[in-house]
file structure.cif (mmCIF, N, CA and C atoms)
data_coords
#
loop_
_atom_site.label_atom_id
_atom_site.label_comp_id
_atom_site.auth_asym_id
_atom_site.auth_seq_id
_atom_site.Cartn_x
_atom_site.Cartn_y
_atom_site.Cartn_z
N MET A 283 -26.53 -28.33 0.99
CA MET A 283 -25.10 -28.41 1.16
C MET A 283 -24.65 -29.86 1.30
N ASN A 284 -25.42 -30.63 1.97
CA ASN A 284 -25.11 -32.03 2.18
C ASN A 284 -25.09 -32.80 0.86
N LYS A 285 -25.98 -32.42 -0.06
CA LYS A 285 -26.06 -33.09 -1.35
C LYS A 285 -24.79 -32.85 -2.17
N VAL A 286 -24.20 -31.68 -2.13
CA VAL A 286 -22.98 -31.35 -2.86
C VAL A 286 -21.82 -32.22 -2.38
N LEU A 287 -21.69 -32.43 -1.09
CA LEU A 287 -20.61 -33.26 -0.55
C LEU A 287 -20.74 -34.71 -1.01
N ASN A 288 -21.95 -35.20 -1.05
CA ASN A 288 -22.16 -36.58 -1.52
C ASN A 288 -21.77 -36.73 -2.98
N GLU A 289 -22.06 -35.75 -3.82
CA GLU A 289 -21.72 -35.81 -5.24
C GLU A 289 -20.21 -35.80 -5.46
N ARG A 290 -19.50 -35.07 -4.64
CA ARG A 290 -18.04 -35.06 -4.75
C ARG A 290 -17.47 -36.44 -4.47
N GLY A 291 -17.99 -37.13 -3.52
CA GLY A 291 -17.53 -38.48 -3.21
C GLY A 291 -17.79 -39.44 -4.35
N VAL A 292 -18.93 -39.32 -5.00
CA VAL A 292 -19.26 -40.16 -6.15
C VAL A 292 -18.31 -39.86 -7.30
N ALA A 293 -18.01 -38.61 -7.56
CA ALA A 293 -17.10 -38.23 -8.64
C ALA A 293 -15.70 -38.79 -8.39
N LEU A 294 -15.25 -38.74 -7.15
CA LEU A 294 -13.94 -39.28 -6.81
C LEU A 294 -13.91 -40.79 -7.03
N LEU A 295 -14.97 -41.45 -6.64
CA LEU A 295 -15.06 -42.90 -6.84
C LEU A 295 -15.05 -43.24 -8.34
N GLU A 296 -15.75 -42.46 -9.14
CA GLU A 296 -15.77 -42.68 -10.59
C GLU A 296 -14.37 -42.51 -11.19
N VAL A 297 -13.64 -41.53 -10.74
CA VAL A 297 -12.28 -41.30 -11.23
C VAL A 297 -11.37 -42.47 -10.87
N VAL A 298 -11.45 -42.95 -9.65
CA VAL A 298 -10.62 -44.07 -9.20
C VAL A 298 -10.94 -45.33 -10.01
N VAL A 299 -12.22 -45.60 -10.23
CA VAL A 299 -12.61 -46.77 -11.03
C VAL A 299 -12.13 -46.62 -12.47
N SER A 300 -12.25 -45.46 -13.04
CA SER A 300 -11.79 -45.20 -14.41
C SER A 300 -10.29 -45.43 -14.54
N ILE A 301 -9.53 -44.94 -13.59
CA ILE A 301 -8.07 -45.12 -13.61
C ILE A 301 -7.72 -46.61 -13.52
N ALA A 302 -8.45 -47.34 -12.68
CA ALA A 302 -8.20 -48.78 -12.55
C ALA A 302 -8.49 -49.51 -13.86
N ILE A 303 -9.56 -49.17 -14.52
CA ILE A 303 -9.92 -49.80 -15.80
C ILE A 303 -8.89 -49.46 -16.88
N ILE A 304 -8.52 -48.20 -16.98
CA ILE A 304 -7.53 -47.78 -17.98
C ILE A 304 -6.17 -48.42 -17.69
N GLY A 305 -5.80 -48.49 -16.44
CA GLY A 305 -4.52 -49.11 -16.07
C GLY A 305 -4.48 -50.58 -16.46
N THR A 306 -5.57 -51.29 -16.24
CA THR A 306 -5.65 -52.70 -16.61
C THR A 306 -5.52 -52.87 -18.12
N ALA A 307 -6.18 -52.01 -18.88
CA ALA A 307 -6.11 -52.07 -20.34
C ALA A 307 -4.69 -51.78 -20.84
N VAL A 308 -4.04 -50.80 -20.26
CA VAL A 308 -2.68 -50.45 -20.67
C VAL A 308 -1.71 -51.59 -20.37
N ILE A 309 -1.85 -52.22 -19.22
CA ILE A 309 -0.98 -53.35 -18.87
C ILE A 309 -1.17 -54.48 -19.87
N GLY A 310 -2.41 -54.76 -20.26
CA GLY A 310 -2.67 -55.79 -21.26
C GLY A 310 -2.05 -55.45 -22.60
N LEU A 311 -2.13 -54.21 -23.02
CA LEU A 311 -1.53 -53.79 -24.30
C LEU A 311 -0.01 -53.90 -24.28
N VAL A 312 0.60 -53.53 -23.19
CA VAL A 312 2.06 -53.62 -23.08
C VAL A 312 2.50 -55.09 -23.15
N GLY A 313 1.76 -55.97 -22.50
CA GLY A 313 2.07 -57.40 -22.58
C GLY A 313 1.93 -57.92 -23.99
N ALA A 314 0.90 -57.50 -24.71
CA ALA A 314 0.69 -57.93 -26.09
C ALA A 314 1.81 -57.42 -27.00
N LEU A 315 2.29 -56.23 -26.75
CA LEU A 315 3.39 -55.70 -27.56
C LEU A 315 4.66 -56.54 -27.38
N GLY A 316 4.91 -56.98 -26.16
CA GLY A 316 6.08 -57.83 -25.90
C GLY A 316 5.99 -59.15 -26.64
N VAL A 317 4.82 -59.76 -26.63
CA VAL A 317 4.62 -61.03 -27.34
C VAL A 317 4.79 -60.81 -28.83
N GLY A 318 4.24 -59.75 -29.36
CA GLY A 318 4.37 -59.44 -30.78
C GLY A 318 5.81 -59.20 -31.20
N LEU A 319 6.57 -58.53 -30.36
CA LEU A 319 7.97 -58.27 -30.67
C LEU A 319 8.78 -59.56 -30.70
N ARG A 320 8.53 -60.46 -29.74
CA ARG A 320 9.23 -61.75 -29.74
C ARG A 320 8.88 -62.57 -30.98
N ALA A 321 7.62 -62.57 -31.36
CA ALA A 321 7.19 -63.31 -32.54
C ALA A 321 7.84 -62.74 -33.79
N SER A 322 7.90 -61.44 -33.88
CA SER A 322 8.52 -60.79 -35.03
C SER A 322 10.01 -61.12 -35.12
N THR A 323 10.68 -61.15 -33.98
CA THR A 323 12.11 -61.49 -33.95
C THR A 323 12.33 -62.93 -34.40
N ASN A 324 11.47 -63.85 -33.95
CA ASN A 324 11.60 -65.25 -34.35
C ASN A 324 11.37 -65.43 -35.85
N VAL A 325 10.39 -64.73 -36.40
CA VAL A 325 10.13 -64.81 -37.83
C VAL A 325 11.33 -64.26 -38.62
N GLU A 326 11.89 -63.18 -38.15
CA GLU A 326 13.06 -62.59 -38.83
C GLU A 326 14.24 -63.56 -38.82
N ARG A 327 14.48 -64.22 -37.68
CA ARG A 327 15.59 -65.18 -37.59
C ARG A 327 15.36 -66.37 -38.53
N GLN A 328 14.12 -66.87 -38.59
CA GLN A 328 13.80 -67.99 -39.48
C GLN A 328 13.97 -67.58 -40.94
N GLN A 329 13.56 -66.38 -41.30
CA GLN A 329 13.70 -65.92 -42.67
C GLN A 329 15.17 -65.76 -43.04
N THR A 330 15.97 -65.25 -42.12
CA THR A 330 17.41 -65.14 -42.37
C THR A 330 18.02 -66.51 -42.56
N ALA A 331 17.63 -67.48 -41.74
CA ALA A 331 18.15 -68.85 -41.86
C ALA A 331 17.76 -69.45 -43.21
N LEU A 332 16.52 -69.24 -43.63
CA LEU A 332 16.07 -69.76 -44.92
C LEU A 332 16.88 -69.17 -46.07
N THR A 333 17.11 -67.88 -46.00
CA THR A 333 17.91 -67.21 -47.04
C THR A 333 19.34 -67.75 -47.06
N LEU A 334 19.94 -67.96 -45.88
CA LEU A 334 21.31 -68.46 -45.81
C LEU A 334 21.41 -69.89 -46.34
N VAL A 335 20.46 -70.75 -45.99
CA VAL A 335 20.48 -72.14 -46.48
C VAL A 335 20.34 -72.14 -48.00
N SER A 336 19.40 -71.39 -48.51
CA SER A 336 19.18 -71.33 -49.95
C SER A 336 20.42 -70.80 -50.68
N SER A 337 21.00 -69.73 -50.16
CA SER A 337 22.19 -69.15 -50.79
C SER A 337 23.36 -70.13 -50.76
N GLN A 338 23.54 -70.81 -49.62
CA GLN A 338 24.65 -71.76 -49.51
C GLN A 338 24.49 -72.93 -50.48
N ILE A 339 23.29 -73.45 -50.61
CA ILE A 339 23.07 -74.56 -51.53
C ILE A 339 23.32 -74.11 -52.96
N GLU A 340 22.83 -72.95 -53.33
CA GLU A 340 23.07 -72.43 -54.68
C GLU A 340 24.57 -72.20 -54.92
N TYR A 341 25.23 -71.65 -53.94
CA TYR A 341 26.67 -71.38 -54.04
C TYR A 341 27.44 -72.70 -54.17
N SER A 342 27.02 -73.69 -53.42
CA SER A 342 27.69 -74.99 -53.47
C SER A 342 27.44 -75.70 -54.79
N LEU A 343 26.28 -75.55 -55.36
CA LEU A 343 25.98 -76.18 -56.64
C LEU A 343 26.85 -75.62 -57.77
N ALA A 344 27.25 -74.38 -57.63
CA ALA A 344 28.08 -73.75 -58.66
C ALA A 344 29.48 -74.35 -58.71
N ASP A 345 29.92 -74.99 -57.63
CA ASP A 345 31.25 -75.59 -57.56
C ASP A 345 31.15 -77.07 -57.92
N SER A 346 31.65 -77.44 -59.09
CA SER A 346 31.52 -78.82 -59.56
C SER A 346 32.45 -79.78 -58.81
N ASN A 347 33.53 -79.29 -58.22
CA ASN A 347 34.48 -80.13 -57.48
C ASN A 347 34.28 -79.97 -55.98
N LEU A 348 33.06 -79.99 -55.55
CA LEU A 348 32.71 -79.71 -54.17
C LEU A 348 32.98 -80.90 -53.26
N SER A 349 33.57 -80.61 -52.09
CA SER A 349 33.75 -81.64 -51.06
C SER A 349 33.52 -80.99 -49.70
N SER A 350 33.27 -81.82 -48.67
CA SER A 350 33.01 -81.28 -47.33
C SER A 350 34.21 -80.51 -46.80
N ALA A 351 35.40 -80.95 -47.16
CA ALA A 351 36.61 -80.31 -46.63
C ALA A 351 36.74 -78.87 -47.11
N ASP A 352 36.31 -78.60 -48.32
CA ASP A 352 36.49 -77.25 -48.86
C ASP A 352 35.16 -76.64 -49.29
N CYS A 353 34.11 -76.94 -48.58
CA CYS A 353 32.80 -76.40 -48.89
C CYS A 353 32.83 -74.88 -48.70
N PRO A 354 32.69 -74.12 -49.77
CA PRO A 354 32.73 -72.66 -49.62
C PRO A 354 31.47 -72.17 -48.94
N THR A 355 31.60 -71.23 -48.05
CA THR A 355 30.41 -70.72 -47.35
C THR A 355 30.14 -69.28 -47.72
N VAL A 356 28.88 -68.93 -47.69
CA VAL A 356 28.47 -67.56 -47.96
C VAL A 356 28.80 -66.71 -46.74
N LYS A 357 28.80 -65.40 -46.94
CA LYS A 357 29.09 -64.49 -45.83
C LYS A 357 27.95 -64.56 -44.81
N MET A 358 28.32 -64.72 -43.55
CA MET A 358 27.35 -64.88 -42.46
C MET A 358 27.12 -63.55 -41.73
N PRO A 359 25.86 -63.25 -41.42
CA PRO A 359 25.60 -62.10 -40.54
C PRO A 359 26.08 -62.42 -39.12
N ASP A 360 26.30 -61.40 -38.33
CA ASP A 360 26.72 -61.61 -36.94
C ASP A 360 25.69 -62.45 -36.20
N GLY A 361 26.18 -63.40 -35.41
CA GLY A 361 25.31 -64.22 -34.59
C GLY A 361 24.85 -65.51 -35.26
N TYR A 362 25.21 -65.73 -36.51
CA TYR A 362 24.81 -66.93 -37.22
C TYR A 362 26.05 -67.75 -37.59
N SER A 363 25.89 -69.06 -37.65
CA SER A 363 26.96 -69.92 -38.13
C SER A 363 26.34 -70.96 -39.06
N LEU A 364 27.17 -71.55 -39.89
CA LEU A 364 26.68 -72.46 -40.91
C LEU A 364 27.61 -73.65 -41.01
N THR A 365 27.06 -74.84 -41.16
CA THR A 365 27.85 -76.02 -41.46
C THR A 365 27.36 -76.59 -42.78
N CYS A 366 28.30 -77.10 -43.53
CA CYS A 366 28.00 -77.65 -44.85
C CYS A 366 28.63 -79.03 -44.93
N GLN A 367 27.81 -80.03 -45.20
CA GLN A 367 28.30 -81.40 -45.37
C GLN A 367 27.95 -81.86 -46.77
N VAL A 368 28.96 -82.37 -47.44
CA VAL A 368 28.78 -82.78 -48.83
C VAL A 368 29.13 -84.25 -48.97
N SER A 369 28.28 -84.98 -49.66
CA SER A 369 28.58 -86.36 -50.03
C SER A 369 28.30 -86.48 -51.53
N ASN A 370 28.52 -87.67 -52.06
CA ASN A 370 28.27 -87.87 -53.49
C ASN A 370 26.80 -87.71 -53.83
N SER A 371 25.92 -87.95 -52.86
CA SER A 371 24.50 -87.95 -53.15
C SER A 371 23.75 -86.71 -52.65
N GLU A 372 24.35 -85.93 -51.73
CA GLU A 372 23.60 -84.79 -51.20
C GLU A 372 24.50 -83.70 -50.64
N ILE A 373 23.90 -82.52 -50.52
CA ILE A 373 24.51 -81.38 -49.84
C ILE A 373 23.57 -81.05 -48.68
N GLU A 374 24.11 -81.02 -47.47
CA GLU A 374 23.29 -80.69 -46.30
C GLU A 374 23.86 -79.44 -45.65
N VAL A 375 23.01 -78.44 -45.48
CA VAL A 375 23.42 -77.16 -44.90
C VAL A 375 22.58 -76.91 -43.65
N THR A 376 23.27 -76.59 -42.54
CA THR A 376 22.58 -76.29 -41.28
C THR A 376 22.99 -74.90 -40.82
N VAL A 377 21.99 -74.09 -40.48
CA VAL A 377 22.23 -72.74 -39.96
C VAL A 377 21.89 -72.74 -38.48
N MET A 378 22.80 -72.16 -37.69
CA MET A 378 22.62 -72.07 -36.24
C MET A 378 22.75 -70.62 -35.80
N SER A 379 22.05 -70.32 -34.70
CA SER A 379 22.16 -69.00 -34.09
C SER A 379 22.05 -69.20 -32.59
N GLU A 380 22.97 -68.61 -31.87
CA GLU A 380 23.00 -68.73 -30.40
C GLU A 380 22.98 -70.19 -29.98
N ASP A 381 23.76 -71.02 -30.63
CA ASP A 381 23.88 -72.46 -30.35
C ASP A 381 22.56 -73.22 -30.51
N LYS A 382 21.64 -72.67 -31.26
CA LYS A 382 20.38 -73.36 -31.57
C LYS A 382 20.31 -73.59 -33.07
N GLU A 383 19.92 -74.80 -33.43
CA GLU A 383 19.76 -75.10 -34.85
C GLU A 383 18.47 -74.44 -35.33
N LEU A 384 18.60 -73.56 -36.32
CA LEU A 384 17.43 -72.87 -36.84
C LEU A 384 16.80 -73.61 -38.02
N LEU A 385 17.65 -74.09 -38.92
CA LEU A 385 17.13 -74.69 -40.14
C LEU A 385 18.18 -75.58 -40.78
N THR A 386 17.74 -76.72 -41.30
CA THR A 386 18.61 -77.60 -42.07
C THR A 386 17.98 -77.81 -43.43
N GLY A 387 18.78 -77.65 -44.46
CA GLY A 387 18.31 -77.88 -45.82
C GLY A 387 19.18 -78.93 -46.48
N THR A 388 18.54 -79.84 -47.20
CA THR A 388 19.25 -80.92 -47.88
C THR A 388 18.88 -80.91 -49.35
N LEU A 389 19.87 -80.99 -50.19
CA LEU A 389 19.65 -81.08 -51.63
C LEU A 389 20.25 -82.39 -52.11
N LEU A 390 19.45 -83.21 -52.75
CA LEU A 390 19.96 -84.46 -53.31
C LEU A 390 20.65 -84.14 -54.62
N ARG A 391 21.84 -84.70 -54.78
CA ARG A 391 22.63 -84.46 -55.99
C ARG A 391 22.47 -85.63 -56.94
N GLY A 392 22.27 -85.32 -58.18
CA GLY A 392 22.19 -86.35 -59.20
C GLY A 392 23.30 -86.16 -60.22
N THR A 393 23.47 -87.11 -61.07
CA THR A 393 24.48 -86.97 -62.14
C THR A 393 23.82 -86.29 -63.32
N PRO A 394 24.50 -85.32 -63.89
CA PRO A 394 23.93 -84.59 -65.03
C PRO A 394 23.94 -85.43 -66.29
#

call {"tool": "encode", "arguments": {"input": "structure.cif", "output": "structure tokens"}}
result
Amino acid sequence: MNKVLNERGVALLEVVVSIAIIGTAVIGLVGALGVGLRASTNVERQQTALTLVSSQIEYSLADSNLSSADCPTVKMPDGYSLTCQVSNSEIEVTVMSEDKELLTGTLLRGTP
């Protein structure tokens, strides 16, 4: 009878240790998911900025009488803003999101 009681104590200890190990693993996985989600969001924002800069430069090149005062801008998704500066030698486009500069693209203009 004494042997049965001792085995129950060992089984309980094994369960407690198993729960502790599984809990530690789950906490690590949840932390990794958070890091992955933030990285994915940053990549998405950078890709959107790249697309906007590219589209704006192409759109600006189509206008032969382009100036900074009337630089036409492409449609912006919510949360993004764009500035376009034009000189005789270049077009510079900057995309911002949440008051942070995400990407600046510059195209040197030549005479055809």

call {"tool": "atom_distance", "arguments": {"input": "structure.cif", "atom1": "atom C of Pro359 of chain A", "atom2": "atom N of Thr388 of chain A"}}
result
20.6 Å

call {"tool": "resolve_selection", "arguments": {"input": "structure.cif", "expression": "the PyMOL selection byres ((chain A and resi 373-382) around 7)", "output": "PyMOL selection string"}}
result
chain A and resi 331+335+339+361-372+383-391

call {"tool": "atom_distance", "arguments": {"input": "structure.cif", "atom1": "atom N of Ser337 of chain A", "atom2": "atom C of Asp360 of chain A"}}
result
16.4 Å

call {"tool": "atom_distance", "arguments": {"input": "structure.cif", "atom1": "atom CA of Thr333 of chain A", "atom2": "atom C of Lys357 of chain A"}}
result
10.6 Å

call {"tool": "select_by_dssp", "arguments": {"input": "structure.cif", "residues": "segment 301-388 of chain A", "states": "strand (DSSP E)", "output": "PyMOL selection string"}}
result
chain A and resi 362-368+372-379+382-388

call {"tool": "write_last_selection", "arguments": {"input": "structure.cif", "atoms": "N, CA and C atoms", "output": "compact mmCIF listing (two decimals), keeping the file's coordinate frame"}}
result
# COMPACT_ATOMS: atom_id res chain seq x y z
N TYR A 362 25.21 -65.73 -36.51
CA TYR A 362 24.81 -66.93 -37.22
C TYR A 362 26.05 -67.75 -37.59
N SER A 363 25.89 -69.06 -37.65
CA SER A 363 26.96 -69.92 -38.13
C SER A 363 26.34 -70.96 -39.06
N LEU A 364 27.17 -71.55 -39.89
CA LEU A 364 26.68 -72.46 -40.91
C LEU A 364 27.61 -73.65 -41.01
N THR A 365 27.06 -74.84 -41.16
CA THR A 365 27.85 -76.02 -41.46
C THR A 365 27.36 -76.59 -42.78
N CYS A 366 28.30 -77.10 -43.53
CA CYS A 366 28.00 -77.65 -44.85
C CYS A 366 28.63 -79.03 -44.93
N GLN A 367 27.81 -80.03 -45.20
CA GLN A 367 28.30 -81.40 -45.37
C GLN A 367 27.95 -81.86 -46.77
N VAL A 368 28.96 -82.37 -47.44
CA VAL A 368 28.78 -82.78 -48.83
C VAL A 368 29.13 -84.25 -48.97
N GLU A 372 24.35 -85.93 -51.73
CA GLU A 372 23.60 -84.79 -51.20
C GLU A 372 24.50 -83.70 -50.64
N ILE A 373 23.90 -82.52 -50.52
CA ILE A 373 24.51 -81.38 -49.84
C ILE A 373 23.57 -81.05 -48.68
N GLU A 374 24.11 -81.02 -47.47
CA GLU A 374 23.29 -80.69 -46.30
C GLU A 374 23.86 -79.44 -45.65
N VAL A 375 23.01 -78.44 -45.48
CA VAL A 375 23.42 -77.16 -44.90
C VAL A 375 22.58 -76.91 -43.65
N THR A 376 23.27 -76.59 -42.54
CA THR A 376 22.58 -76.29 -41.28
C THR A 376 22.99 -74.90 -40.82
N VAL A 377 21.99 -74.09 -40.48
CA VAL A 377 22.23 -72.74 -39.96
C VAL A 377 21.89 -72.74 -38.48
N MET A 378 22.80 -72.16 -37.69
CA MET A 378 22.62 -72.07 -36.24
C MET A 378 22.75 -70.62 -35.80
N SER A 379 22.05 -70.32 -34.70
CA SER A 379 22.16 -69.00 -34.09
C SER A 379 22.05 -69.20 -32.59
N LYS A 382 21.64 -72.67 -31.26
CA LYS A 382 20.38 -73.36 -31.57
C LYS A 382 20.31 -73.59 -33.07
N GLU A 383 19.92 -74.80 -33.43
CA GLU A 383 19.76 -75.10 -34.85
C GLU A 383 18.47 -74.44 -35.33
N LEU A 384 18.60 -73.56 -36.32
CA LEU A 384 17.43 -72.87 -36.84
C LEU A 384 16.80 -73.61 -38.02
N LEU A 385 17.65 -74.09 -38.92
CA LEU A 385 17.13 -74.69 -40.14
C LEU A 385 18.18 -75.58 -40.78
N THR A 386 17.74 -76.72 -41.30
CA THR A 386 18.61 -77.60 -42.07
C THR A 386 17.98 -77.81 -43.43
N GLY A 387 18.78 -77.65 -44.46
CA GLY A 387 18.31 -77.88 -45.82
C GLY A 387 19.18 -78.93 -46.48
N THR A 388 18.54 -79.84 -47.20
CA THR A 388 19.25 -80.92 -47.88
C THR A 388 18.88 -80.91 -49.35

call {"tool": "select_by_dssp", "arguments": {"input": "structure.cif", "residues": "segment 309-383 of chain A", "states": "alpha helix (DSSP H)", "output": "PyMOL selection string"}}
result
chain A and resi 309-343

call {"tool": "decode", "arguments": {"input": "structure.cif", "residues": "segment 302-334 of chain A", "atoms": "N, CA and C atoms", "output": "PDB file, in the first residue's frame"}}
result
ATOM      1  N   ALA A 302       4.968  22.810 -16.792  1.00  0.00           N
ATOM      2  CA  ALA A 302       5.945  23.907 -16.785  1.00  0.00           C
ATOM      3  C   ALA A 302       6.726  23.957 -18.097  1.00  0.00           C
ATOM      4  N   ILE A 303       7.131  22.824 -18.608  1.00  0.00           N
ATOM      5  CA  ILE A 303       7.876  22.775 -19.877  1.00  0.00           C
ATOM      6  C   ILE A 303       6.992  23.230 -21.035  1.00  0.00           C
ATOM      7  N   ILE A 304       5.783  22.734 -21.097  1.00  0.00           N
ATOM      8  CA  ILE A 304       4.861  23.121 -22.176  1.00  0.00           C
ATOM      9  C   ILE A 304       4.520  24.610 -22.084  1.00  0.00           C
ATOM     10  N   GLY A 305       4.319  25.103 -20.886  1.00  0.00           N
ATOM     11  CA  GLY A 305       4.021  26.533 -20.704  1.00  0.00           C
ATOM     12  C   GLY A 305       5.162  27.407 -21.186  1.00  0.00           C
ATOM     13  N   THR A 306       6.391  27.022 -20.891  1.00  0.00           N
ATOM     14  CA  THR A 306       7.556  27.781 -21.340  1.00  0.00           C
ATOM     15  C   THR A 306       7.636  27.789 -22.868  1.00  0.00           C
ATOM     16  N   ALA A 307       7.379  26.644 -23.486  1.00  0.00           N
ATOM     17  CA  ALA A 307       7.416  26.556 -24.948  1.00  0.00           C
ATOM     18  C   ALA A 307       6.326  27.422 -25.583  1.00  0.00           C
ATOM     19  N   VAL A 308       5.139  27.403 -25.022  1.00  0.00           N
ATOM     20  CA  VAL A 308       4.032  28.197 -25.561  1.00  0.00           C
ATOM     21  C   VAL A 308       4.332  29.691 -25.440  1.00  0.00           C
ATOM     22  N   ILE A 309       4.892  30.118 -24.329  1.00  0.00           N
ATOM     23  CA  ILE A 309       5.242  31.532 -24.148  1.00  0.00           C
ATOM     24  C   ILE A 309       6.267  31.952 -25.187  1.00  0.00           C
ATOM     25  N   GLY A 310       7.254  31.099 -25.452  1.00  0.00           N
ATOM     26  CA  GLY A 310       8.251  31.394 -26.482  1.00  0.00           C
ATOM     27  C   GLY A 310       7.630  31.505 -27.863  1.00  0.00           C
ATOM     28  N   LEU A 311       6.705  30.633 -28.194  1.00  0.00           N
ATOM     29  CA  LEU A 311       6.034  30.679 -29.499  1.00  0.00           C
ATOM     30  C   LEU A 311       5.188  31.937 -29.659  1.00  0.00           C
ATOM     31  N   VAL A 312       4.492  32.323 -28.621  1.00  0.00           N
ATOM     32  CA  VAL A 312       3.667  33.535 -28.685  1.00  0.00           C
ATOM     33  C   VAL A 312       4.555  34.763 -28.892  1.00  0.00           C
ATOM     34  N   GLY A 313       5.689  34.812 -28.221  1.00  0.00           N
ATOM     35  CA  GLY A 313       6.632  35.914 -28.423  1.00  0.00           C
ATOM     36  C   GLY A 313       7.156  35.951 -29.840  1.00  0.00           C
ATOM     37  N   ALA A 314       7.472  34.790 -30.409  1.00  0.00           N
ATOM     38  CA  ALA A 314       7.970  34.717 -31.787  1.00  0.00           C
ATOM     39  C   ALA A 314       6.900  35.160 -32.785  1.00  0.00           C
ATOM     40  N   LEU A 315       5.661  34.838 -32.516  1.00  0.00           N
ATOM     41  CA  LEU A 315       4.575  35.272 -33.404  1.00  0.00           C
ATOM     42  C   LEU A 315       4.460  36.798 -33.423  1.00  0.00           C
ATOM     43  N   GLY A 316       4.623  37.422 -32.273  1.00  0.00           N
ATOM     44  CA  GLY A 316       4.572  38.887 -32.200  1.00  0.00           C
ATOM     45  C   GLY A 316       5.681  39.532 -33.006  1.00  0.00           C
ATOM     46  N   VAL A 317       6.887  38.988 -32.896  1.00  0.00           N
ATOM     47  CA  VAL A 317       8.020  39.523 -33.661  1.00  0.00           C
ATOM     48  C   VAL A 317       7.774  39.332 -35.151  1.00  0.00           C
ATOM     49  N   GLY A 318       7.285  38.181 -35.539  1.00  0.00           N
ATOM     50  CA  GLY A 318       6.990  37.914 -36.947  1.00  0.00           C
ATOM     51  C   GLY A 318       5.923  38.841 -37.505  1.00  0.00           C
ATOM     52  N   LEU A 319       4.912  39.124 -36.720  1.00  0.00           N
ATOM     53  CA  LEU A 319       3.849  40.025 -37.165  1.00  0.00           C
ATOM     54  C   LEU A 319       4.374  41.438 -37.372  1.00  0.00           C
ATOM     55  N   ARG A 320       5.215  41.923 -36.446  1.00  0.00           N
ATOM     56  CA  ARG A 320       5.800  43.258 -36.606  1.00  0.00           C
ATOM     57  C   ARG A 320       6.690  43.319 -37.850  1.00  0.00           C
ATOM     58  N   ALA A 321       7.469  42.289 -38.080  1.00  0.00           N
ATOM     59  CA  ALA A 321       8.347  42.258 -39.253  1.00  0.00           C
ATOM     60  C   ALA A 321       7.522  42.257 -40.531  1.00  0.00           C
ATOM     61  N   SER A 322       6.458  41.496 -40.542  1.00  0.00           N
ATOM     62  CA  SER A 322       5.584  41.440 -41.712  1.00  0.00           C
ATOM     63  C   SER A 322       4.933  42.794 -41.990  1.00  0.00           C
ATOM     64  N   THR A 323       4.519  43.480 -40.943  1.00  0.00           N
ATOM     65  CA  THR A 323       3.914  44.806 -41.095  1.00  0.00           C
ATOM     66  C   THR A 323       4.924  45.800 -41.655  1.00  0.00           C
ATOM     67  N   ASN A 324       6.164  45.749 -41.168  1.00  0.00           N
ATOM     68  CA  ASN A 324       7.200  46.658 -41.671  1.00  0.00           C
ATOM     69  C   ASN A 324       7.509  46.393 -43.140  1.00  0.00           C
ATOM     70  N   VAL A 325       7.566  45.134 -43.527  1.00  0.00           N
ATOM     71  CA  VAL A 325       7.817  44.797 -44.926  1.00  0.00           C
ATOM     72  C   VAL A 325       6.666  45.293 -45.802  1.00  0.00           C
ATOM     73  N   GLU A 326       5.460  45.137 -45.337  1.00  0.00           N
ATOM     74  CA  GLU A 326       4.291  45.600 -46.101  1.00  0.00           C
ATOM     75  C   GLU A 326       4.327  47.117 -46.288  1.00  0.00           C
ATOM     76  N   ARG A 327       4.679  47.855 -45.228  1.00  0.00           N
ATOM     77  CA  ARG A 327       4.757  49.318 -45.328  1.00  0.00           C
ATOM     78  C   ARG A 327       5.855  49.743 -46.305  1.00  0.00           C
ATOM     79  N   GLN A 328       7.004  49.073 -46.262  1.00  0.00           N
ATOM     80  CA  GLN A 328       8.100  49.396 -47.177  1.00  0.00           C
ATOM     81  C   GLN A 328       7.713  49.091 -48.620  1.00  0.00           C
ATOM     82  N   GLN A 329       7.025  47.990 -48.849  1.00  0.00           N
ATOM     83  CA  GLN A 329       6.594  47.644 -50.199  1.00  0.00           C
ATOM     84  C   GLN A 329       5.573  48.649 -50.719  1.00  0.00           C
ATOM     85  N   THR A 330       4.659  49.077 -49.866  1.00  0.00           N
ATOM     86  CA  THR A 330       3.694  50.099 -50.264  1.00  0.00           C
ATOM     87  C   THR A 330       4.408  51.396 -50.613  1.00  0.00           C
ATOM     88  N   ALA A 331       5.395  51.788 -49.813  1.00  0.00           N
ATOM     89  CA  ALA A 331       6.158  53.011 -50.075  1.00  0.00           C
ATOM     90  C   ALA A 331       6.903  52.904 -51.406  1.00  0.00           C
ATOM     91  N   LEU A 332       7.499  51.758 -51.672  1.00  0.00           N
ATOM     92  CA  LEU A 332       8.215  51.561 -52.936  1.00  0.00           C
ATOM     93  C   LEU A 332       7.272  51.678 -54.128  1.00  0.00           C
ATOM     94  N   THR A 333       6.109  51.081 -54.010  1.00  0.00           N
ATOM     95  CA  THR A 333       5.119  51.161 -55.083  1.00  0.00           C
ATOM     96  C   THR A 333       4.663  52.605 -55.299  1.00  0.00           C
ATOM     97  N   LEU A 334       4.435  53.351 -54.211  1.00  0.00           N
ATOM     98  CA  LEU A 334       3.987  54.741 -54.326  1.00  0.00           C
ATOM     99  C   LEU A 334       5.064  55.629 -54.958  1.00  0.00           C
TER     100      LEU A 334
END
